[in-house]
Structure formats: structure tokens, C-alpha cells
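Single-structure report; data block below.
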Amino acid sequence: MSAVWFAGFALIVAVGYAGACYVKPFTACHRCKGTGTAPPPAWRRVLRRTTSPRALRGRHDCRRCTGTGLRLRIGRRVVNHFRRLRRHAGR
Ligand SMILES: [Zn+2]
């Protein structure tokens, strides 16, 4: 009977995750950790031969989140996908 318990547990986790994605659809971007900026590429740092804060101020927008510092959660992406499907199905 342990398989039933496991299925129930998995269901609870799935529902909890779906709820979390609904309440908080965005999470901090992994690349910039929510700051929205990314440090200059390593080759430029080598070119300037410095790691001083002044040189690092030339930070540009994070490419992954385009400077927002936010990233859509995977679960929310799934929700959006199904919403789109339903909209295209008519009704
Ligand atoms: Zn980012």
C-alpha cells in the first residue's frame, strides 16, 4: 500500500507547487540573482586588468532576464501553456 501513500504525497507536493506558482509566478533570475545586472564579461576585465568596484560599475543588463531580475517559474510556464491551449480551443 506504500505506492498509494507515495502517490498521495506526490499529489500534495504537486498541488503545493502549483499553488506557489500561482501566488508567486516569478522567482529571482539565476544568472544575476535578482539584481537585473550582470558583471562585464571576463575578457573585458582582463583587458582592463582590474577588478576594482569602479570598473565593475559598467554592469550591463542581464541577458537572461533583460534587466528585470525576474524569471518566470517553470510551473507558471506550464499554466500559461494550458491557458493558451484553452483559449485556442474556443468557448
Ligand atoms: Zn538576470
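Starting from 1 in every chain, residues are counted up; chains themselves are A, B, ... following the order of the C-alpha cells, and ligands are numbered from 1 as listed.
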As a quick test: using only C-alpha atoms and all ligand atoms, which residues lie no more than 9 Å away from ligand 1? Give them as number ranges by chain. A: 28-38, 61-71
Could you write out the selected residues, including C-alpha atoms, as an mmCIF file, in the first residue's frame?
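Result written to out.cif:
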data_model
loop_
_atom_site.group_PDB
_atom_site.id
_atom_site.type_symbol
_atom_site.label_atom_id
_atom_site.label_comp_id
_atom_site.auth_asym_id
_atom_site.auth_seq_id
_atom_site.Cartn_x
_atom_site.Cartn_y
_atom_site.Cartn_z
ATOM 1 C CA ALA A 28 14.807 35.582 -8.896
ATOM 2 C CA CYS A 29 16.843 35.162 -12.051
ATOM 3 C CA HIS A 30 19.517 32.529 -11.595
ATOM 4 C CA ARG A 31 22.172 34.320 -13.586
ATOM 5 C CA CYS A 32 22.021 37.705 -11.861
ATOM 6 C CA LYS A 33 20.381 36.546 -8.593
ATOM 7 C CA GLY A 34 17.586 39.050 -8.970
ATOM 8 C CA THR A 35 19.740 42.133 -9.407
ATOM 9 C CA GLY A 36 18.963 42.557 -13.104
ATOM 10 C CA THR A 37 22.554 43.318 -13.982
ATOM 11 C CA ALA A 38 25.403 41.080 -14.979
ATOM 12 C CA ASP A 61 21.537 44.342 -18.171
ATOM 13 C CA CYS A 62 21.377 40.633 -17.546
ATOM 14 C CA ARG A 63 20.791 38.908 -20.851
ATOM 15 C CA ARG A 64 18.645 36.123 -19.454
ATOM 16 C CA CYS A 65 16.033 38.335 -17.783
ATOM 17 C CA THR A 66 16.719 41.510 -19.835
ATOM 18 C CA GLY A 67 17.413 43.526 -16.709
ATOM 19 C CA THR A 68 14.256 42.730 -14.769
ATOM 20 C CA GLY A 69 15.919 40.320 -12.320
ATOM 21 C CA LEU A 70 12.834 38.159 -12.556
ATOM 22 C CA ARG A 71 12.312 34.787 -14.113
#
I'd like the neighbourhood of stretch 73-85 of chain A as a VMD selection string, where a residue qualifies if any of its atoms comes within 7 Å (using only C-alpha atoms), though same-chain residues fewer than 4 positions away should be ignored. chain A and resid 18 21 to 22 25 to 27 89
Quick one: write out the picked residues with C-alpha atoms as an mmCIF file, in the first residue's frame?
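Output file out_35.cif follows:
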data_model
loop_
_atom_site.group_PDB
_atom_site.id
_atom_site.type_symbol
_atom_site.label_atom_id
_atom_site.label_comp_id
_atom_site.auth_asym_id
_atom_site.auth_seq_id
_atom_site.Cartn_x
_atom_site.Cartn_y
_atom_site.Cartn_z
ATOM 1 C CA ALA A 18 1.120 24.737 -8.382
ATOM 2 C CA CYS A 21 3.455 29.198 -8.825
ATOM 3 C CA TYR A 22 0.011 30.792 -8.892
ATOM 4 C CA PRO A 25 4.750 33.352 -10.560
ATOM 5 C CA PHE A 26 8.163 34.976 -10.642
ATOM 6 C CA THR A 27 11.390 33.963 -8.982
ATOM 7 C CA ALA A 89 -9.926 25.709 -28.286
#
How many Å lie between atom CA of A:Ala3 and atom CA of A:Val15, rounded to one decimal? 18.2 Å
